[in-house]
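K.L.:
Structure provided below as structure tokens; questions to follow.
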Amino acid sequence: MLYIDDRKLKILKVIIDDFISTAQPVGSRTIAKKYELGVSSATIRNEMADLEELGLLSQPHTSAGRVPSDRGYRLYVDNLMNYSNLGDEQREVIKNLLVKRIIEVEDVVEQTVDILAKMTGLTAIISLPQFKKSKLANMKLIRVTELKVLFIMVSQSGIVKSHTLGLQDISQGILDVISNTLLTKLTDVHIEDINARTINSIKSEIPEYGEVIDYLVPILRNTLRDIDDIDVKMEGINNIFNFIEYSDVHKVQKFLEIIEDPKVMGRIFKDVTSQEGIAIQIGAEINIEGLENCSMVTAPYKFNGKNAGKICVIGPTRMDYSKSVSVVDYIRETLGEIFSGIYL
């Protein structure tokens, strides 16, 4: 961290607080009138010039006040921001909305992302527990037509995946024997570890269906390989319209295109298991083209004590960081409690 004296830090903090609140460049006279810093407008002006030289502020126009730079926001969130805890009433609202609606994992996540978007005023995205990282809980092969079979897998985290397979001339009775044998063999095995060898290994237990299993192995292997492991729920996309920074329709359109791109989602939600606690990425730190003027607050949530998915809110760099962090943090804790069975 750069050495910056206390007076400069106080001035930087009130400038960023004011800009987050008003979206207007902040001038020295505004600071002198609104905040009791005990120094003159001229002194504040000199300090602001020094902060600009340090790369913590920028001046959009010669006659305008200053606005925070990404570097200024970083110093602010790391050292100056007042982290606030949610009030008891807000905590109760979140907990009551979630706990009373526990049905399936996907239902909980859908409810959560809606609450997150409404409480932060930002775009909220939450990934479902990663399917392939979970253990297998159930599976079934079901004949639906003469030519098609439905392959259903259920993870221990409660996520259901189904795929239609082109498969004929195999009765439902044979499919039941094969799927039940596979289930016995693979229950409690991590789904990402199920491969052609593990599927093929059941032949010794039901040798009379060896030819059918030989036929099924590549089909099931390819199906497992192609299952998309990044499954997200998103709410509050239209919240971006509430920020003056996005009053330009073309800028909004670009934001929407980026945020709905599956490749972008893959980058945001990769490596869920490696993140611990709250992370704040500002501007270029996000490292995604088109999101240079945005910030993200992310945190993993746990399922049965292990990181399973990720919570994310995204909006302009002028977002209310303190509020966003407190909401994300409490929701992260609540989801972990729900998925550990505390409220079941």
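Labels used: A, B, ... for chains in the order of the structure tokens, numbers from 1 for residues in each chain, and numbers from 1 for ligands as shown.
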Which residues, written as a PyMOL selection string, have at least one atom at most 7 Å from segment 110-120 of chain A, with only C-alpha atoms counted and residues fewer than 3 positions away on the same chain left out?
P.N.:
chain A and resi 98+106-107+123-126+233-236+323-324
K.L.:
Based on the selection just made, write N, CA and C atoms of those residues as a PDB file, in the first residue's frame.
P.N.:
```
ATOM      1  N   LEU A  98     -36.219 -17.800   2.475  1.00  0.00           N
ATOM      2  CA  LEU A  98     -35.534 -19.001   2.006  1.00  0.00           C
ATOM      3  C   LEU A  98     -35.983 -20.251   2.736  1.00  0.00           C
ATOM      4  N   GLU A 106     -32.622 -26.458  -6.537  1.00  0.00           N
ATOM      5  CA  GLU A 106     -32.818 -25.460  -7.589  1.00  0.00           C
ATOM      6  C   GLU A 106     -33.831 -24.396  -7.166  1.00  0.00           C
ATOM      7  N   ASP A 107     -34.867 -24.809  -6.433  1.00  0.00           N
ATOM      8  CA  ASP A 107     -35.855 -23.843  -5.948  1.00  0.00           C
ATOM      9  C   ASP A 107     -35.223 -22.858  -4.971  1.00  0.00           C
ATOM     10  N   THR A 123     -27.191  -6.797 -10.689  1.00  0.00           N
ATOM     11  CA  THR A 123     -27.433  -8.062 -11.369  1.00  0.00           C
ATOM     12  C   THR A 123     -26.858  -9.177 -10.500  1.00  0.00           C
ATOM     13  N   ALA A 124     -27.695 -10.150 -10.162  1.00  0.00           N
ATOM     14  CA  ALA A 124     -27.276 -11.237  -9.284  1.00  0.00           C
ATOM     15  C   ALA A 124     -27.229 -12.546 -10.057  1.00  0.00           C
ATOM     16  N   ILE A 125     -26.193 -13.327  -9.822  1.00  0.00           N
ATOM     17  CA  ILE A 125     -26.031 -14.625 -10.481  1.00  0.00           C
ATOM     18  C   ILE A 125     -25.552 -15.624  -9.433  1.00  0.00           C
ATOM     19  N   ILE A 126     -26.167 -16.792  -9.410  1.00  0.00           N
ATOM     20  CA  ILE A 126     -25.728 -17.853  -8.497  1.00  0.00           C
ATOM     21  C   ILE A 126     -25.624 -19.156  -9.279  1.00  0.00           C
ATOM     22  N   LYS A 233     -28.364 -19.378 -12.231  1.00  0.00           N
ATOM     23  CA  LYS A 233     -29.622 -18.640 -12.192  1.00  0.00           C
ATOM     24  C   LYS A 233     -29.279 -17.165 -12.092  1.00  0.00           C
ATOM     25  N   MET A 234     -30.002 -16.334 -12.841  1.00  0.00           N
ATOM     26  CA  MET A 234     -29.693 -14.907 -12.882  1.00  0.00           C
ATOM     27  C   MET A 234     -30.962 -14.089 -12.711  1.00  0.00           C
ATOM     28  N   GLU A 235     -30.864 -13.002 -11.953  1.00  0.00           N
ATOM     29  CA  GLU A 235     -31.962 -12.060 -11.781  1.00  0.00           C
ATOM     30  C   GLU A 235     -31.395 -10.647 -11.734  1.00  0.00           C
ATOM     31  N   GLY A 236     -32.258  -9.678 -11.990  1.00  0.00           N
ATOM     32  CA  GLY A 236     -31.864  -8.272 -11.843  1.00  0.00           C
ATOM     33  C   GLY A 236     -31.074  -7.710 -12.998  1.00  0.00           C
ATOM     34  N   LYS A 323     -22.851  -2.405   1.219  1.00  0.00           N
ATOM     35  CA  LYS A 323     -24.137  -3.098   1.207  1.00  0.00           C
ATOM     36  C   LYS A 323     -24.032  -4.428   0.461  1.00  0.00           C
ATOM     37  N   SER A 324     -23.372  -4.407  -0.698  1.00  0.00           N
ATOM     38  CA  SER A 324     -23.256  -5.622  -1.507  1.00  0.00           C
ATOM     39  C   SER A 324     -22.522  -6.719  -0.748  1.00  0.00           C
TER      40      SER A 324
END
```
K.L.:
With segment 261-280 of chain A as the partner and 10 Å as the cut-off, tabulate the residues of segment 45-137 of chain A that qualify, each row holding the nearest pair of atoms and their distance in Å to one decimal, using only C-alpha atoms, sorted by chain and rising number, as CSV.
P.N.:
```
residue,atom,partner,partner_atom,distance
A:Arg74,CA,A:Ile280,CA,8.7
A:Val77,CA,A:Ile280,CA,8.1
A:Asp78,CA,A:Ile280,CA,9.2
A:Ile125,CA,A:Met265,CA,9.2
A:Ile126,CA,A:Phe269,CA,8.8
A:Ser127,CA,A:Phe269,CA,7.1
A:Pro129,CA,A:Val272,CA,9.5
A:Gln130,CA,A:Val272,CA,8.6
A:Lys133,CA,A:Thr273,CA,9.5
```
K.L.:
DSSP on the backbone: what in segment 160-247 of chain A comes out helix (DSSP H, G or I), as an MDAnalysis selection string?
P.N.:
chainID A and resid 172:186 191:193 196:204 207:226 237:242 244:246
K.L.:
Within 12 Å of segment 145-147 of chain A, counting only C-alpha atoms, which residues show up once you throw out same-chain ones fewer than 5 positions away? Write them as an NGL selection string, please.
P.N.:
:A and (164-172)
K.L.:
Taking only C-alpha atoms into account, name the residue in A:Val177, A:Leu37, A:Ile227, A:Val328 that is nearest to Met153 of chain A.
P.N.:
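Nearest to Met153 of chain A: A:Ile227.
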K.L.:
Identify all residues of segment 70-220 of chain A in strand (DSSP E) (DSSP on the backbone) and supply them as an mmCIF file with C-alpha atoms, in the first residue's frame.
P.N.:
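Okay, selection_26.cif is ready:
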```
data_model
loop_
_atom_site.group_PDB
_atom_site.id
_atom_site.type_symbol
_atom_site.label_atom_id
_atom_site.label_comp_id
_atom_site.auth_asym_id
_atom_site.auth_seq_id
_atom_site.Cartn_x
_atom_site.Cartn_y
_atom_site.Cartn_z
ATOM 1 C CA THR A 123 -27.433 -8.062 -11.369
ATOM 2 C CA ALA A 124 -27.276 -11.237 -9.284
ATOM 3 C CA ILE A 125 -26.031 -14.625 -10.481
ATOM 4 C CA ILE A 126 -25.728 -17.853 -8.497
ATOM 5 C CA SER A 127 -24.369 -21.141 -9.761
ATOM 6 C CA LEU A 136 -24.157 -40.052 -7.581
ATOM 7 C CA ALA A 137 -27.390 -40.562 -5.601
ATOM 8 C CA ASN A 138 -29.659 -42.135 -8.212
ATOM 9 C CA MET A 139 -29.864 -42.992 -11.890
ATOM 10 C CA LYS A 140 -32.410 -44.478 -14.255
ATOM 11 C CA LEU A 141 -32.787 -45.514 -17.886
ATOM 12 C CA ILE A 142 -36.418 -45.095 -18.966
ATOM 13 C CA ARG A 143 -37.901 -46.116 -22.333
ATOM 14 C CA LYS A 148 -35.581 -43.106 -27.409
ATOM 15 C CA VAL A 149 -34.511 -43.714 -23.814
ATOM 16 C CA LEU A 150 -34.341 -41.053 -21.095
ATOM 17 C CA PHE A 151 -31.134 -41.173 -19.033
ATOM 18 C CA ILE A 152 -31.681 -39.547 -15.618
ATOM 19 C CA MET A 153 -28.969 -38.898 -13.032
ATOM 20 C CA VAL A 154 -29.449 -37.351 -9.589
ATOM 21 C CA SER A 155 -26.515 -36.043 -7.571
ATOM 22 C CA VAL A 160 -31.099 -33.660 -11.643
ATOM 23 C CA LYS A 161 -29.702 -34.062 -15.156
ATOM 24 C CA SER A 162 -31.541 -35.846 -17.931
ATOM 25 C CA HIS A 163 -30.595 -36.611 -21.515
ATOM 26 C CA THR A 164 -32.388 -38.402 -24.319
ATOM 27 C CA LEU A 165 -30.485 -41.291 -25.882
ATOM 28 C CA GLY A 166 -31.140 -42.856 -29.273
#
```
